[in-house]
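Have a look at final.pdb below; it lists PDB, C-alpha atoms.
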ATOM      1  CA  GLN U   1     118.531  49.077  72.827
ATOM      2  CA  VAL U   2     115.293  50.221  74.372
ATOM      3  CA  GLN U   3     115.347  51.404  77.955
ATOM      4  CA  VAL U   4     112.265  51.659  80.111
ATOM      5  CA  GLU U   5     112.126  53.403  83.467
ATOM      6  CA  GLU U   6     109.167  53.585  85.809
ATOM      7  CA  SER U   7     108.701  56.027  88.649
ATOM      8  CA  GLY U   8     106.055  57.310  91.009
ATOM      9  CA  GLY U   9     105.450  54.411  93.356
ATOM     10  CA  GLY U  10     105.512  54.605  97.116
ATOM     11  CA  LEU U  11     103.526  54.027 100.277
ATOM     12  CA  VAL U  12      99.945  55.242 100.267
ATOM     13  CA  GLN U  13      96.806  54.670 102.279
ATOM     14  CA  ALA U  14      93.748  52.854 101.049
ATOM     15  CA  GLY U  15      91.629  55.220  99.003
ATOM     16  CA  ASP U  16      94.569  57.376  97.924
ATOM     17  CA  SER U  17      95.645  58.153  94.384
ATOM     18  CA  VAL U  18      99.002  57.648  92.723
ATOM     19  CA  MET U  19     100.298  58.461  89.270
ATOM     20  CA  LEU U  20     103.000  56.257  87.802
ATOM     21  CA  SER U  21     105.209  57.412  84.966
ATOM     22  CA  CYS U  22     107.206  55.423  82.451
ATOM     23  CA  VAL U  23     109.795  56.928  80.139
ATOM     24  CA  VAL U  24     111.113  55.018  77.141
ATOM     25  CA  SER U  25     114.434  55.837  75.521
ATOM     26  CA  GLY U  26     116.494  54.313  72.776
ATOM     27  CA  ARG U  27     113.465  53.806  70.589
ATOM     28  CA  ARG U  28     112.953  56.413  67.899
ATOM     29  CA  THR U  29     109.616  54.970  66.901
ATOM     30  CA  PHE U  30     107.922  55.113  70.303
ATOM     31  CA  ASP U  31     104.790  56.307  68.567
ATOM     32  CA  LYS U  32     104.615  53.006  66.668
ATOM     33  CA  TYR U  33     104.520  50.884  69.831
ATOM     34  CA  ALA U  34     101.818  49.892  72.243
ATOM     35  CA  MET U  35     102.404  50.124  75.977
ATOM     36  CA  GLY U  36     101.178  48.166  78.932
ATOM     37  CA  TRP U  37     101.172  48.451  82.698
ATOM     38  CA  PHE U  38     101.463  45.197  84.613
ATOM     39  CA  ARG U  39     101.750  44.357  88.283
ATOM     40  CA  GLN U  40     103.525  41.507  89.995
ATOM     41  CA  VAL U  41     103.087  40.308  93.553
ATOM     42  CA  PRO U  42     105.548  38.220  95.567
ATOM     43  CA  GLY U  43     105.567  34.574  94.628
ATOM     44  CA  LYS U  44     104.519  35.191  91.062
ATOM     45  CA  GLU U  45     106.826  34.790  88.122
ATOM     46  CA  ARG U  46     107.382  37.383  85.443
ATOM     47  CA  GLU U  47     105.102  35.484  83.082
ATOM     48  CA  GLU U  48     102.340  35.716  85.677
ATOM     49  CA  ARG U  49     102.281  39.459  85.834
ATOM     50  CA  GLU U  50      98.777  40.820  85.752
ATOM     51  CA  CYS U  51      98.027  43.242  82.983
ATOM     52  CA  VAL U  52      96.380  46.299  84.466
ATOM     53  CA  ALA U  53      96.054  48.542  81.422
ATOM     54  CA  THR U  54      97.190  48.845  77.830
ATOM     55  CA  SER U  55      97.367  51.607  75.265
ATOM     56  CA  ASN U  56      97.672  51.284  71.531
ATOM     57  CA  TYR U  57     100.445  53.067  69.638
ATOM     58  CA  SER U  58      98.580  56.351  69.314
ATOM     59  CA  GLY U  59      97.013  56.376  72.745
ATOM     60  CA  ASP U  60      93.462  56.587  71.501
ATOM     61  CA  THR U  61      92.581  52.992  72.325
ATOM     62  CA  THR U  62      92.987  51.696  75.831
ATOM     63  CA  SER U  63      91.962  48.635  77.775
ATOM     64  CA  TYR U  64      91.742  47.752  81.459
ATOM     65  CA  THR U  65      91.365  44.710  83.590
ATOM     66  CA  ASP U  66      87.885  44.628  85.096
ATOM     67  CA  SER U  67      88.955  45.300  88.665
ATOM     68  CA  VAL U  68      90.438  48.706  87.825
ATOM     69  CA  LYS U  69      87.912  50.022  85.313
ATOM     70  CA  GLY U  70      86.681  53.433  86.356
ATOM     71  CA  ARG U  71      89.581  53.959  88.759
ATOM     72  CA  PHE U  72      92.743  53.660  86.645
ATOM     73  CA  THR U  73      93.614  55.635  83.540
ATOM     74  CA  ILE U  74      96.467  54.955  81.139
ATOM     75  CA  SER U  75      97.672  57.748  78.910
ATOM     76  CA  LYS U  76     100.427  57.834  76.295
ATOM     77  CA  ASP U  77     102.344  60.943  75.338
ATOM     78  CA  ASN U  78     104.232  60.307  72.130
ATOM     79  CA  ALA U  79     105.823  63.747  72.232
ATOM     80  CA  THR U  80     107.760  62.857  75.378
ATOM     81  CA  ASN U  81     108.013  59.061  75.028
ATOM     82  CA  THR U  82     106.085  58.714  78.268
ATOM     83  CA  VAL U  83     103.161  56.641  79.413
ATOM     84  CA  TYR U  84     101.284  57.283  82.616
ATOM     85  CA  LEU U  85      99.042  55.280  84.891
ATOM     86  CA  GLN U  86      96.738  57.295  87.114
ATOM     87  CA  MET U  87      95.455  55.087  89.909
ATOM     88  CA  ASN U  88      92.604  56.271  92.101
ATOM     89  CA  ASN U  89      91.037  54.726  95.175
ATOM     90  CA  LEU U  90      93.842  52.232  95.626
ATOM     91  CA  GLN U  91      93.146  49.182  97.740
ATOM     92  CA  PRO U  92      95.537  47.112  99.895
ATOM     93  CA  GLU U  93      95.218  44.095  97.617
ATOM     94  CA  GLU U  94      96.611  46.189  94.778
ATOM     95  CA  ALA U  95      99.986  46.507  96.424
ATOM     96  CA  ALA U  96     102.554  45.175  93.979
ATOM     97  CA  VAL U  97     105.520  46.059  91.866
ATOM     98  CA  TYR U  98     104.172  47.855  88.831
ATOM     99  CA  TYR U  99     105.972  47.372  85.536
ATOM    100  CA  CYS U 100     105.790  49.195  82.258
ATOM    101  CA  GLY U 101     106.274  47.272  79.029
ATOM    102  CA  ILE U 102     106.632  48.202  75.386
ATOM    103  CA  SER U 103     105.257  46.016  72.626
ATOM    104  CA  PRO U 104     104.730  46.118  68.859
ATOM    105  CA  TRP U 105     101.056  45.403  69.530
ATOM    106  CA  GLU U 106      98.581  45.657  72.395
ATOM    107  CA  GLY U 107      98.631  42.573  74.549
ATOM    108  CA  THR U 108      97.422  41.568  77.972
ATOM    109  CA  THR U 109     100.069  38.916  78.578
ATOM    110  CA  THR U 110     103.793  39.404  78.877
ATOM    111  CA  ASP U 111     104.296  37.630  75.544
ATOM    112  CA  GLY U 112     105.384  39.997  72.848
ATOM    113  CA  TYR U 113     106.636  42.743  75.108
ATOM    114  CA  VAL U 114     110.130  43.651  73.975
ATOM    115  CA  GLY U 115     111.213  45.842  76.853
ATOM    116  CA  TRP U 116     110.500  46.218  80.537
ATOM    117  CA  GLY U 117     111.526  48.555  83.264
ATOM    118  CA  ARG U 118     112.729  47.508  86.689
ATOM    119  CA  GLY U 119     109.365  48.292  88.199
ATOM    120  CA  THR U 120     108.169  50.619  90.906
ATOM    121  CA  GLN U 121     106.793  49.420  94.232
ATOM    122  CA  VAL U 122     103.330  50.506  95.273
ATOM    123  CA  THR U 123     102.399  49.713  98.860
ATOM    124  CA  VAL U 124      98.891  50.367 100.119
ATOM    125  CA  SER U 125      98.180  50.412 103.831
ATOM    126  CA  SER U 126      94.704  49.744 105.180
TER
END
Serialized structure, structure tokens:
Amino acid sequence: QVQVEESGGGLVQAGDSVMLSCVVSGRRTFDKYAMGWFRQVPGKEREERECVATSNYSGDTTSYTDSVKGRFTISKDNATNTVYLQMNNLQPEEAAVYYCGISPWEGTTTDGYVGWGRGTQVTVSS
């Protein structure tokens, strides 16, 4: 069974940078799966998570929601079964629990994702 574990969240100030990490285990074919970073704010259901960034299986194709383009970078390391999310110039409205998901294909909704971590909290003070 696939296991997904995020790390790297915490309390930062507006304008700061944070790098989130996500390690996947129990999946020998990590390099055949796409990955996505989503965020969820209080009051929203799991299905309403906002997709922040996705990477295809090889890591050479990525996508971002408009609000983070130019500030966030997703990267996938198939050698270590790890995907990262570098977040620069964070803003208070981006405070959320950030989740990492694994999927057979790139997708910007939670549909199709076959594994999720427990999330990591990112809090941004103004």
**Message:** Residues proximal to (112.4, 50.8, 75.9) were defined as those with any atom within 12 Å of that point in the file's coordinates, counting only C-alpha atoms. Which are they, as a PyMOL selection string?
**Reply:** chain U and resi 1-6+22-31+33-36+81-83+100-104+113-118
Translate the PyMOL selection byres ((chain U and resi 55) around 8) into a concrete residue list for this structure, as a PDB file with C-alpha atoms, in the frame of the given file.
ATOM      1  CA  ALA U  34     101.818  49.892  72.243  1.00  0.00           C
ATOM      2  CA  MET U  35     102.404  50.124  75.977  1.00  0.00           C
ATOM      3  CA  GLY U  36     101.178  48.166  78.932  1.00  0.00           C
ATOM      4  CA  ALA U  53      96.054  48.542  81.422  1.00  0.00           C
ATOM      5  CA  THR U  54      97.190  48.845  77.830  1.00  0.00           C
ATOM      6  CA  ASN U  56      97.672  51.284  71.531  1.00  0.00           C
ATOM      7  CA  TYR U  57     100.445  53.067  69.638  1.00  0.00           C
ATOM      8  CA  SER U  58      98.580  56.351  69.314  1.00  0.00           C
ATOM      9  CA  GLY U  59      97.013  56.376  72.745  1.00  0.00           C
ATOM     10  CA  ASP U  60      93.462  56.587  71.501  1.00  0.00           C
ATOM     11  CA  THR U  61      92.581  52.992  72.325  1.00  0.00           C
ATOM     12  CA  THR U  62      92.987  51.696  75.831  1.00  0.00           C
ATOM     13  CA  SER U  63      91.962  48.635  77.775  1.00  0.00           C
ATOM     14  CA  ILE U  74      96.467  54.955  81.139  1.00  0.00           C
ATOM     15  CA  SER U  75      97.672  57.748  78.910  1.00  0.00           C
ATOM     16  CA  LYS U  76     100.427  57.834  76.295  1.00  0.00           C
ATOM     17  CA  GLU U 106      98.581  45.657  72.395  1.00  0.00           C
TER      18      GLU U 106
END
**Asked** Taking (87.7, 47.7, 90.7) in the file's coordinates, which residues come within 10 Å, counting only C-alpha atoms, written as number ranges by chain?
**Response** U: 65-72, 88-91, 94
**Residues in the PyMOL selection byres ((chain U and resi 14) around 12), expressed as a list in words** =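 With the PyMOL selection byres ((chain U and resi 14) around 12) on this model, the match is Leu11, Val12, Gln13, Gly15, Asp16, Ser17, Val18, Met87, Asn88, Asn89, Leu90, Gln91, Pro92, Glu93, Glu94, Ala95, Val122, Thr123, Val124, Ser125 and Ser126 of chain U.
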May I have the centre and edge lengths, in Å to one decimal, of an axis-aligned box around the listed atoms of range 100-108 of chain U with 6 Å added to every side, as AutoDock Vina command-line options?
--center_x 102.0 --center_y 45.4 --center_z 75.6 --size_x 21.2 --size_y 19.6 --size_z 25.4
**Message:** I'd like the interatomic distance between CA of Trp37 in chain U and CA of Asp77 in chain U, to a tenth of an Å.
**Reply:**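 Pair CA of Trp37 in chain U / CA of Asp77 in chain U returns 14.5 Å.
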**Request:** Using CA of Asp111 in chain U and CA of Glu45 in chain U as the two end points, give the distance in Å to one decimal.
**Result:**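 Distance reported for this atom pair: 13.1 Å.
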